[in-house]
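Structure file start_9.pdb (PDB, C-alpha atoms) follows.
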ATOM      1  CA  MET A   1      89.494  29.652 103.709
ATOM      2  CA  LYS A   2      87.319  29.320 100.679
ATOM      3  CA  ARG A   3      87.091  25.805  99.358
ATOM      4  CA  LEU A   4      88.293  25.365  95.818
ATOM      5  CA  LEU A   5      86.188  22.349  95.003
ATOM      6  CA  ARG A   6      82.746  21.495  96.249
ATOM      7  CA  LEU A   7      80.924  18.243  95.629
ATOM      8  CA  SER A   8      77.206  17.999  95.063
ATOM      9  CA  PHE A   9      76.421  15.543  97.875
ATOM     10  CA  ARG A  10      77.697  18.095 100.401
ATOM     11  CA  ASN A  11      75.908  20.976  98.780
ATOM     12  CA  LYS A  12      72.223  20.643  98.146
ATOM     13  CA  ASP A  13      71.781  23.438  95.602
ATOM     14  CA  LEU A  14      74.048  21.796  93.027
ATOM     15  CA  PRO A  15      72.588  19.300  90.569
ATOM     16  CA  PRO A  16      73.334  15.665  91.387
ATOM     17  CA  PHE A  17      76.687  14.179  90.311
ATOM     18  CA  SER A  18      78.458  17.459  89.833
ATOM     19  CA  CYS A  19      81.161  19.520  91.480
ATOM     20  CA  GLU A  20      81.752  23.204  91.645
ATOM     21  CA  PHE A  21      84.932  25.143  91.009
ATOM     22  CA  ALA A  22      85.130  28.266  93.106
ATOM     23  CA  GLY A  23      87.594  30.170  90.984
ATOM     24  CA  ARG A  24      87.247  33.706  89.760
ATOM     25  CA  ARG A  25      84.063  32.679  88.020
ATOM     26  CA  ARG A  26      81.801  30.002  89.354
ATOM     27  CA  ARG A  27      81.757  26.918  87.171
ATOM     28  CA  VAL A  28      79.740  23.781  87.703
ATOM     29  CA  LEU A  29      81.108  20.572  86.237
ATOM     30  CA  ASP A  30      78.783  17.766  85.350
ATOM     31  CA  LEU A  31      80.553  14.534  86.218
ATOM     32  CA  PRO A  32      78.571  12.182  83.902
ATOM     33  CA  LEU A  33      79.294  14.552  81.032
ATOM     34  CA  ILE A  34      83.003  14.467  81.819
ATOM     35  CA  ALA A  35      82.946  10.676  82.037
ATOM     36  CA  TRP A  36      81.200  10.482  78.651
ATOM     37  CA  LEU A  37      83.686  12.874  76.998
ATOM     38  CA  THR A  38      86.569  10.870  78.449
ATOM     39  CA  LEU A  39      85.045   7.665  77.101
ATOM     40  CA  ILE A  40      84.781   9.211  73.622
ATOM     41  CA  TRP A  41      88.408  10.343  73.825
ATOM     42  CA  VAL A  42      89.564   6.840  74.776
ATOM     43  CA  LEU A  43      87.482   5.299  71.991
ATOM     44  CA  LEU A  44      88.945   7.711  69.461
ATOM     45  CA  TRP A  45      92.464   6.676  70.443
ATOM     46  CA  SER A  46      91.273   3.024  70.538
ATOM     47  CA  SER A  47      93.393   1.911  73.445
ATOM     48  CA  PRO A  48      92.277   2.225  77.070
ATOM     49  CA  ASN A  49      95.677   2.780  78.699
ATOM     50  CA  PRO A  50      96.130   5.055  81.738
ATOM     51  CA  ALA A  51      97.776   7.835  79.717
ATOM     52  CA  ASN A  52      94.763   8.066  77.431
ATOM     53  CA  LEU A  53      92.383   8.052  80.392
ATOM     54  CA  LEU A  54      94.335  10.852  82.062
ATOM     55  CA  THR A  55      94.640  13.081  78.994
ATOM     56  CA  GLY A  56      90.993  12.370  78.181
ATOM     57  CA  ALA A  57      89.885  13.504  81.627
ATOM     58  CA  ILE A  58      92.043  16.635  81.373
ATOM     59  CA  VAL A  59      90.667  17.498  77.935
ATOM     60  CA  ALA A  60      87.096  16.855  79.100
ATOM     61  CA  VAL A  61      87.473  19.149  82.121
ATOM     62  CA  ALA A  62      89.134  21.816  79.969
ATOM     63  CA  VAL A  63      86.342  21.634  77.395
ATOM     64  CA  CYS A  64      83.658  21.857  80.070
ATOM     65  CA  LEU A  65      85.388  24.853  81.674
ATOM     66  CA  ALA A  66      85.953  26.636  78.382
ATOM     67  CA  PHE A  67      82.467  26.063  76.970
ATOM     68  CA  PRO A  68      80.056  25.947  79.908
ATOM     69  CA  LEU A  69      76.613  24.630  79.053
ATOM     70  CA  PRO A  70      73.485  26.284  80.370
ATOM     71  CA  ARG A  71      72.075  24.376  83.276
ATOM     72  CA  VAL A  72      69.095  22.377  82.083
ATOM     73  CA  ASP A  73      66.895  19.974  83.901
ATOM     74  CA  LEU A  74      67.469  16.903  81.802
ATOM     75  CA  GLY A  75      65.128  14.487  83.511
ATOM     76  CA  LEU A  76      67.059  11.666  81.884
ATOM     77  CA  ARG A  77      66.456   8.150  83.147
ATOM     78  CA  LEU A  78      67.878   5.076  81.512
ATOM     79  CA  HIS A  79      65.635   2.033  81.189
ATOM     80  CA  PRO A  80      67.744  -0.800  79.667
ATOM     81  CA  TRP A  81      64.791  -2.813  78.373
ATOM     82  CA  GLY A  82      63.209   0.275  76.888
ATOM     83  CA  ILE A  83      66.467   1.204  75.178
ATOM     84  CA  LEU A  84      66.716  -2.279  73.664
ATOM     85  CA  MET A  85      63.134  -2.058  72.396
ATOM     86  CA  LEU A  86      63.800   1.390  70.932
ATOM     87  CA  ALA A  87      66.988   0.217  69.203
ATOM     88  CA  GLY A  88      65.219  -2.832  67.772
ATOM     89  CA  TYR A  89      62.313  -0.810  66.413
ATOM     90  CA  LEU A  90      64.682   1.830  65.032
ATOM     91  CA  LEU A  91      66.724  -0.761  63.140
ATOM     92  CA  TYR A  92      63.619  -2.418  61.732
ATOM     93  CA  ASP A  93      62.058   0.925  60.824
ATOM     94  CA  MET A  94      65.260   2.082  59.207
ATOM     95  CA  TYR A  95      65.230  -0.968  56.964
ATOM     96  CA  THR A  96      61.613  -0.449  55.878
ATOM     97  CA  SER A  97      62.333   3.268  55.503
ATOM     98  CA  GLY A  98      65.195   2.569  53.117
ATOM     99  CA  VAL A  99      62.985   0.251  51.067
ATOM    100  CA  ARG A 100      60.155   2.773  50.937
ATOM    101  CA  VAL A 101      62.232   5.766  49.962
ATOM    102  CA  THR A 102      63.867   3.606  47.286
ATOM    103  CA  ARG A 103      60.466   2.726  45.892
ATOM    104  CA  GLN A 104      59.441   6.371  45.917
ATOM    105  CA  ILE A 105      62.586   7.289  44.038
ATOM    106  CA  PHE A 106      61.833   4.934  41.174
ATOM    107  CA  VAL A 107      58.101   5.447  40.945
ATOM    108  CA  ASP A 108      57.391   7.484  37.842
ATOM    109  CA  HIS A 109      54.100   9.158  38.647
ATOM    110  CA  PRO A 110      54.654  12.380  40.533
ATOM    111  CA  HIS A 111      53.661  12.148  44.165
ATOM    112  CA  ARG A 112      52.258  15.019  46.153
ATOM    113  CA  ALA A 113      54.028  15.835  49.391
ATOM    114  CA  ALA A 114      52.578  17.647  52.388
ATOM    115  CA  VAL A 115      53.643  19.145  55.680
ATOM    116  CA  ILE A 116      51.647  17.812  58.630
ATOM    117  CA  ALA A 117      51.611  18.813  62.289
ATOM    118  CA  VAL A 118      51.843  16.054  64.879
ATOM    119  CA  PRO A 119      51.228  17.093  68.495
ATOM    120  CA  LEU A 120      53.229  15.142  71.076
ATOM    121  CA  ARG A 121      52.137  14.215  74.559
ATOM    122  CA  CYS A 122      55.396  15.000  76.360
ATOM    123  CA  ARG A 123      56.518  18.535  77.010
ATOM    124  CA  SER A 124      60.069  18.027  78.259
ATOM    125  CA  ASP A 125      62.861  19.343  76.025
ATOM    126  CA  LEU A 126      64.875  16.169  76.128
ATOM    127  CA  MET A 127      61.979  13.929  75.105
ATOM    128  CA  LEU A 128      61.035  16.348  72.340
ATOM    129  CA  ALA A 129      64.575  16.336  70.942
ATOM    130  CA  ALA A 130      64.991  12.576  71.279
ATOM    131  CA  THR A 131      61.658  11.917  69.585
ATOM    132  CA  ALA A 132      62.521  14.292  66.751
ATOM    133  CA  VAL A 133      65.860  12.563  66.187
ATOM    134  CA  ALA A 134      64.200   9.149  66.260
ATOM    135  CA  VAL A 135      61.462  10.262  63.873
ATOM    136  CA  SER A 136      63.834  11.558  61.248
ATOM    137  CA  ASN A 137      65.639   8.225  61.166
ATOM    138  CA  VAL A 138      62.536   6.246  60.270
ATOM    139  CA  PRO A 139      60.028   6.174  57.418
ATOM    140  CA  GLY A 140      57.173   8.564  57.071
ATOM    141  CA  GLY A 141      58.641  11.967  57.325
ATOM    142  CA  SER A 142      61.541  14.275  57.804
ATOM    143  CA  VAL A 143      61.270  16.930  60.464
ATOM    144  CA  VAL A 144      60.843  20.451  59.113
ATOM    145  CA  GLU A 145      60.168  22.315  62.320
ATOM    146  CA  VAL A 146      59.754  21.603  66.013
ATOM    147  CA  ARG A 147      57.626  23.911  68.079
ATOM    148  CA  ARG A 148      58.638  23.823  71.683
ATOM    149  CA  ALA A 149      55.763  25.752  73.227
ATOM    150  CA  THR A 150      53.094  23.364  71.964
ATOM    151  CA  ALA A 151      55.378  20.320  71.670
ATOM    152  CA  THR A 152      54.440  19.898  68.032
ATOM    153  CA  VAL A 153      56.560  18.270  65.349
ATOM    154  CA  PHE A 154      56.067  19.306  61.731
ATOM    155  CA  LEU A 155      56.824  16.564  59.242
ATOM    156  CA  HIS A 156      57.302  16.570  55.523
ATOM    157  CA  VAL A 157      55.607  13.463  54.147
ATOM    158  CA  LEU A 158      56.045  12.050  50.669
ATOM    159  CA  ASP A 159      53.025  10.384  49.061
ATOM    160  CA  ALA A 160      50.592  12.504  51.050
ATOM    161  CA  ASP A 161      47.740  12.035  48.583
ATOM    162  CA  ARG A 162      46.891   8.747  50.220
ATOM    163  CA  PRO A 163      45.151   9.245  53.599
ATOM    164  CA  ALA A 164      46.501   5.925  54.866
ATOM    165  CA  VAL A 165      50.040   7.228  54.522
ATOM    166  CA  LEU A 166      49.295  10.339  56.569
ATOM    167  CA  ASP A 167      47.604   8.293  59.220
ATOM    168  CA  ALA A 168      50.541   5.891  59.331
ATOM    169  CA  ALA A 169      52.984   8.786  59.659
ATOM    170  CA  ARG A 170      51.124  10.205  62.664
ATOM    171  CA  ARG A 171      50.818   6.791  64.257
ATOM    172  CA  SER A 172      54.496   6.067  63.798
ATOM    173  CA  VAL A 173      55.466   9.358  65.446
ATOM    174  CA  TRP A 174      53.296   8.569  68.462
ATOM    175  CA  ARG A 175      54.657   5.040  68.665
ATOM    176  CA  LEU A 176      58.228   6.349  68.539
ATOM    177  CA  GLU A 177      57.410   8.887  71.217
ATOM    178  CA  ARG A 178      56.120   6.101  73.424
ATOM    179  CA  LEU A 179      59.233   4.004  72.808
ATOM    180  CA  THR A 180      61.576   6.943  73.385
ATOM    181  CA  VAL A 181      59.906   7.927  76.615
ATOM    182  CA  ARG A 182      59.932   4.323  77.817
ATOM    183  CA  ALA A 183      63.672   4.253  77.117
ATOM    184  CA  PHE A 184      64.690   7.592  78.623
ATOM    185  CA  GLY A 185      61.736   9.249  80.331
ATOM    186  CA  THR A 186      60.691   9.810  83.909
ATOM    187  CA  ALA A 187      57.850   7.846  85.503
ATOM    188  CA  ASP A 188      55.508  10.809  85.099
ATOM    189  CA  GLU A 189      56.090  10.997  81.356
ATOM    190  CA  ILE A 190      55.773   7.239  80.928
ATOM    191  CA  ALA A 191      52.366   7.439  82.553
ATOM    192  CA  ARG A 192      51.429  10.255  80.203
ATOM    193  CA  VAL A 193      52.304   8.373  77.008
ATOM    194  CA  ALA A 194      50.648   5.219  78.303
ATOM    195  CA  ALA A 195      47.300   6.971  78.045
ATOM    196  CA  PRO A 196      45.347   5.059  75.390
ATOM    197  CA  SER A 197      43.843   7.922  73.430
ATOM    198  CA  PRO A 198      46.185   9.896  71.186
ATOM    199  CA  PRO A 199      45.967  13.658  71.609
ATOM    200  CA  THR A 200      43.286  15.489  69.709
ATOM    201  CA  ALA A 201      44.587  15.787  66.205
ATOM    202  CA  PRO A 202      43.940  18.876  64.123
ATOM    203  CA  ASP A 203      40.721  19.030  62.129
ATOM    204  CA  ARG A 204      42.527  17.867  59.030
ATOM    205  CA  GLU A 205      42.509  14.299  60.275
ATOM    206  CA  ALA A 206      38.734  14.181  60.273
ATOM    207  CA  ASP A 207      38.444  14.736  56.553
ATOM    208  CA  ALA A 208      41.692  13.007  55.543
TER     209      ALA A 208
ATOM    210  CA  MET B   1      87.970 -22.788  62.341
ATOM    211  CA  SER B   2      89.360 -20.930  59.358
ATOM    212  CA  VAL B   3      86.178 -21.814  57.477
ATOM    213  CA  TRP B   4      84.226 -19.715  59.969
ATOM    214  CA  LEU B   5      86.660 -16.857  59.583
ATOM    215  CA  GLN B   6      86.225 -17.032  55.827
ATOM    216  CA  ILE B   7      82.455 -17.010  56.229
ATOM    217  CA  LEU B   8      82.740 -13.940  58.469
ATOM    218  CA  ASP B   9      84.975 -12.221  55.914
ATOM    219  CA  LEU B  10      82.558 -13.026  53.133
ATOM    220  CA  ALA B  11      79.540 -11.805  55.129
ATOM    221  CA  GLY B  12      81.440  -8.631  55.962
ATOM    222  CA  ALA B  13      82.254  -8.014  52.315
ATOM    223  CA  ALA B  14      78.617  -8.623  51.359
ATOM    224  CA  LEU B  15      77.417  -6.142  54.001
ATOM    225  CA  VAL B  16      79.858  -3.489  52.814
ATOM    226  CA  PHE B  17      78.686  -4.025  49.242
ATOM    227  CA  VAL B  18      74.988  -3.804  50.145
ATOM    228  CA  GLY B  19      75.629  -0.721  52.264
ATOM    229  CA  ALA B  20      77.481   1.020  49.460
ATOM    230  CA  ALA B  21      74.693   0.114  47.016
ATOM    231  CA  ILE B  22      72.078   1.623  49.351
ATOM    232  CA  CYS B  23      74.151   4.814  49.648
ATOM    233  CA  LEU B  24      74.212   4.908  45.839
ATOM    234  CA  LEU B  25      70.409   4.661  45.825
ATOM    235  CA  GLY B  26      70.314   7.699  48.071
ATOM    236  CA  VAL B  27      72.404   9.641  45.582
ATOM    237  CA  ILE B  28      70.122   8.599  42.706
ATOM    238  CA  GLY B  29      67.178   9.770  44.786
ATOM    239  CA  MET B  30      68.846  13.152  45.281
ATOM    240  CA  LEU B  31      69.085  13.494  41.527
ATOM    241  CA  ARG B  32      65.556  12.325  40.730
ATOM    242  CA  LEU B  33      63.383  13.951  43.369
ATOM    243  CA  PRO B  34      62.051  17.434  42.624
ATOM    244  CA  ASP B  35      62.590  19.733  45.619
ATOM    245  CA  VAL B  36      64.682  20.288  48.727
ATOM    246  CA  LEU B  37      62.385  18.586  51.213
ATOM    247  CA  SER B  38      61.895  15.463  49.110
ATOM    248  CA  ARG B  39      65.585  15.308  48.452
ATOM    249  CA  SER B  40      66.336  15.471  52.135
ATOM    250  CA  HIS B  41      64.367  12.218  52.511
ATOM    251  CA  ALA B  42      66.612  10.560  49.954
ATOM    252  CA  ALA B  43      69.756  12.126  51.365
ATOM    253  CA  THR B  44      69.235  11.008  54.950
ATOM    254  CA  LYS B  45      67.373   7.750  55.156
ATOM    255  CA  PRO B  46      69.000   5.344  52.704
ATOM    256  CA  GLN B  47      72.331   6.933  53.505
ATOM    257  CA  THR B  48      72.040   6.229  57.244
ATOM    258  CA  LEU B  49      71.034   2.637  56.607
ATOM    259  CA  GLY B  50      73.866   2.190  54.111
ATOM    260  CA  MET B  51      76.379   3.680  56.503
ATOM    261  CA  LEU B  52      75.283   1.346  59.305
ATOM    262  CA  LEU B  53      75.551  -1.670  56.981
ATOM    263  CA  VAL B  54      79.050  -0.624  55.895
ATOM    264  CA  LEU B  55      80.030  -0.259  59.565
ATOM    265  CA  ALA B  56      78.607  -3.707  60.357
ATOM    266  CA  GLY B  57      80.523  -5.190  57.439
ATOM    267  CA  VAL B  58      83.766  -3.568  58.538
ATOM    268  CA  ALA B  59      83.113  -4.797  62.088
ATOM    269  CA  LEU B  60      82.780  -8.379  60.819
ATOM    270  CA  ARG B  61      86.162  -8.107  59.136
ATOM    271  CA  LEU B  62      88.052  -6.328  61.927
ATOM    272  CA  ARG B  63      86.745  -8.454  64.844
ATOM    273  CA  SER B  64      88.687  -6.767  67.653
ATOM    274  CA  GLY B  65      87.086  -5.225  70.700
ATOM    275  CA  MET B  66      88.471  -1.721  70.533
ATOM    276  CA  ASP B  67      87.805  -1.360  66.805
ATOM    277  CA  LEU B  68      84.208  -2.462  67.388
ATOM    278  CA  ALA B  69      83.840   0.248  70.025
ATOM    279  CA  THR B  70      85.167   2.880  67.631
ATOM    280  CA  LEU B  71      82.775   1.687  64.919
ATOM    281  CA  ALA B  72      79.886   1.837  67.394
ATOM    282  CA  LEU B  73      80.925   5.410  68.193
ATOM    283  CA  ILE B  74      80.875   6.302  64.488
ATOM    284  CA  GLY B  75      77.395   4.792  64.117
ATOM    285  CA  PHE B  76      76.148   6.625  67.196
ATOM    286  CA  PHE B  77      77.344   9.993  65.950
ATOM    287  CA  GLN B  78      75.935   9.305  62.516
ATOM    288  CA  LEU B  79      72.511   8.627  64.043
ATOM    289  CA  MET B  80      72.739  11.710  66.259
ATOM    290  CA  THR B  81      74.064  14.264  63.809
ATOM    291  CA  GLY B  82      72.370  13.223  60.564
ATOM    292  CA  PRO B  83      68.840  14.197  61.645
ATOM    293  CA  VAL B  84      70.059  17.509  63.066
ATOM    294  CA  ALA B  85      71.759  18.441  59.813
ATOM    295  CA  ALA B  86      68.747  17.346  57.757
ATOM    296  CA  HIS B  87      66.416  19.300  60.026
ATOM    297  CA  LEU B  88      68.502  22.452  59.721
ATOM    298  CA  VAL B  89      68.592  22.196  55.936
ATOM    299  CA  ALA B  90      64.828  21.587  55.787
ATOM    300  CA  ARG B  91      64.059  24.371  58.225
ATOM    301  CA  SER B  92      66.207  26.977  56.547
ATOM    302  CA  ALA B  93      64.890  25.954  53.127
ATOM    303  CA  TYR B  94      61.343  26.315  54.414
ATOM    304  CA  ARG B  95      61.904  29.619  56.160
ATOM    305  CA  THR B  96      63.729  31.242  53.279
ATOM    306  CA  GLY B  97      60.962  30.372  50.849
ATOM    307  CA  GLN B  98      62.747  27.733  48.812
ATOM    308  CA  ILE B  99      59.623  25.581  48.986
ATOM    309  CA  ASP B 100      57.083  25.656  46.199
ATOM    310  CA  HIS B 101      53.891  25.821  48.226
ATOM    311  CA  GLY B 102      51.770  25.024  45.191
ATOM    312  CA  GLU B 103      53.394  21.611  45.000
ATOM    313  CA  LEU B 104      52.410  20.720  48.558
ATOM    314  CA  LEU B 105      49.054  19.023  48.994
ATOM    315  CA  PHE B 106      48.500  20.949  52.209
ATOM    316  CA  ASP B 107      50.739  22.613  54.743
ATOM    317  CA  GLU B 108      49.841  22.763  58.415
ATOM    318  CA  LEU B 109      53.016  24.602  59.341
ATOM    319  CA  ASP B 110      52.273  27.495  57.000
ATOM    320  CA  GLU B 111      48.832  27.888  58.564
ATOM    321  CA  GLN B 112      50.366  28.194  62.027
ATOM    322  CA  LEU B 113      53.065  30.613  60.895
ATOM    323  CA  THR B 114      50.578  32.895  59.184
ATOM    324  CA  GLU B 115      48.222  32.772  62.165
ATOM    325  CA  GLU B 116      50.972  34.175  64.354
ATOM    326  CA  ASN B 117      51.790  37.112  62.150
TER     327      ASN B 117
END
Would you mind writing the structure in this file as structure tokens?
Amino acid sequence: MKRLLRLSFRNKDLPPFSCEFAGRRRRVLDLPLIAWLTLIWVLLWSSPNPANLLTGAIVAVAVCLAFPLPRVDLGLRLHPWGILMLAGYLLYDMYTSGVRVTRQIFVDHPHRAAVIAVPLRCRSDLMLAATAVAVSNVPGGSVVEVRRATATVFLHVLDADRPAVLDAARRSVWRLERLTVRAFGTADEIARVAAPSPPTAPDREADA
Amino acid sequence: MSVWLQILDLAGAALVFVGAAICLLGVIGMLRLPDVLSRSHAATKPQTLGMLLVLAGVALRLRSGMDLATLALIGFFQLMTGPVAAHLVARSAYRTGQIDHGELLFDELDEQLTEEN
């Protein structure tokens, strides 16, 4: 008889922490994702009673079956200390960002903006996305475009007529990348961002 | 004891007020700045900070575990979705030619896009 449910620790070709439904169509359920969706459901109802847990789990499984996600290699690791550092820096940066944008709003002389390219050191999709999200929450720039093939982030920077501002924007992106990777990255990526020299910047930096 | 509760209430009210004021600054920035990309700075950054301050203020006044968790969830989604929305607006504005390239000091993205074509 065909088994209806298969767990990943019995079957090596499934990703870790997942189970497989052998129905008409093959569906792979990601157990951490289901746990996270259930947690959100319980939080939305704001009471953790068994009925909420049960309906949450049912809804999560139904959602995952109805809208299957493409299988991606996340490479997600959680480093608690790194996450704390990232959160601290983000909060501090968000405060200075608010102050700076406020100042730019009330300054009367027109400032010149620019779009700069900042190459990142990590190539994984997850790190790229996480860094982009972190960058757009902090001062310096808002993300206009992310190029996956070259792992480059394009930022729109206010006040670009001062070279120090451009330099600071690039530096802050690289610092955030380092913090993000130390919070969520694999050992290989952490080693890559720990390299002291930033990647070769485009020629523009030489004359800026 | 009730003195501490009053202090917490007062701090919460102050945080909500400051947060709302910062959101207002964001709106003023939207009105004053010249183009889409600059406005997206003003629309996202002060607004996120203001929102988080309002949430912190509300948390100080509610003070119960489950409500705090819900507020944390709101903050988390705000941080996750705000940048995505801002990025999509900026990207579509850029790609559909809503940007005045003469106003930009230089543009490294345009160079790469034209190199490809």
TODO: Apply the PyMOL selection byres ((chain B) within 8 of (chain A)) to the file shown and report the selected residues as a ChimeraX atom specification.
DONE: /B:22,25-26,28-29,32-33,37-38,40-42,44-46,48-49,66-67,69-70,73,79-80,83-84,86-88,90-91,94,103-109
Would you write out, as a JSON list (two decimals) with C-alpha atoms, keeping the file's coordinate frame, every residue that the PyMOL selection byres ((chain A and resi 54) around 12) captures in this file?
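Result went into expr_24.json, see below:
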[["chain", "number", "residue", "atom", "x", "y", "z"],
["A", 34, "ILE", "CA", 83.00, 14.47, 81.82],
["A", 35, "ALA", "CA", 82.95, 10.68, 82.04],
["A", 37, "LEU", "CA", 83.69, 12.87, 77.00],
["A", 38, "THR", "CA", 86.57, 10.87, 78.45],
["A", 39, "LEU", "CA", 85.04, 7.66, 77.10],
["A", 41, "TRP", "CA", 88.41, 10.34, 73.82],
["A", 42, "VAL", "CA", 89.56, 6.84, 74.78],
["A", 48, "PRO", "CA", 92.28, 2.22, 77.07],
["A", 49, "ASN", "CA", 95.68, 2.78, 78.70],
["A", 50, "PRO", "CA", 96.13, 5.06, 81.74],
["A", 51, "ALA", "CA", 97.78, 7.84, 79.72],
["A", 52, "ASN", "CA", 94.76, 8.07, 77.43],
["A", 53, "LEU", "CA", 92.38, 8.05, 80.39],
["A", 55, "THR", "CA", 94.64, 13.08, 78.99],
["A", 56, "GLY", "CA", 90.99, 12.37, 78.18],
["A", 57, "ALA", "CA", 89.88, 13.50, 81.63],
["A", 58, "ILE", "CA", 92.04, 16.64, 81.37],
["A", 59, "VAL", "CA", 90.67, 17.50, 77.94],
["A", 60, "ALA", "CA", 87.10, 16.86, 79.10],
["A", 61, "VAL", "CA", 87.47, 19.15, 82.12]]
Task: Who sits within 10 Å of Arg63 of chain B, only C-alpha atoms, same chain under 3 positions skipped, as a list in words - done: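 Listed by chain and then number, they are Leu5, Leu8, Asp9, Val58, Ala59, Leu60, Met66, Asp67 and Leu68 of chain B.
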TODO: Kindly resolve the PyMOL selection byres ((chain B and resi 13) around 10) on the present coordinates and return the residues as a list in words.
DONE: Ile7, Leu8, Asp9, Leu10, Ala11, Gly12, Ala14, Leu15, Val16, Phe17, Val18, Gly19, Val54, Ala56, Gly57, Val58, Leu60 and Arg61 of chain B
Task: Separation of atom CA of Val181 of chain A from atom CA of Met127 of chain A, in Å and rounded to one decimal - done: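 That distance, rounded to one decimal, is 6.5 Å.
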Just need the box for segment 41-59 of chain B, edges along x, y and z, holding every atom the file lists for it with 8 Å tacked onto each side, so centre and edge lengths in Å to one decimal, as AutoDock Vina command-line options.
--center_x 74.1 --center_y 3.5 --center_z 56.0 --size_x 35.4 --size_y 33.4 --size_z 28.1
Open item on the list: Report, in Å with one decimal, the straight-line distance from atom CA of Ser64 of chain B to atom CA of Gly88 of chain A.
Closed with: 23.8 Å
TODO: May I ask for the distance between atom CA of Ala21 of chain B and atom CA of Met51 of chain B, given in Å to one decimal place?
DONE: 10.3 Å
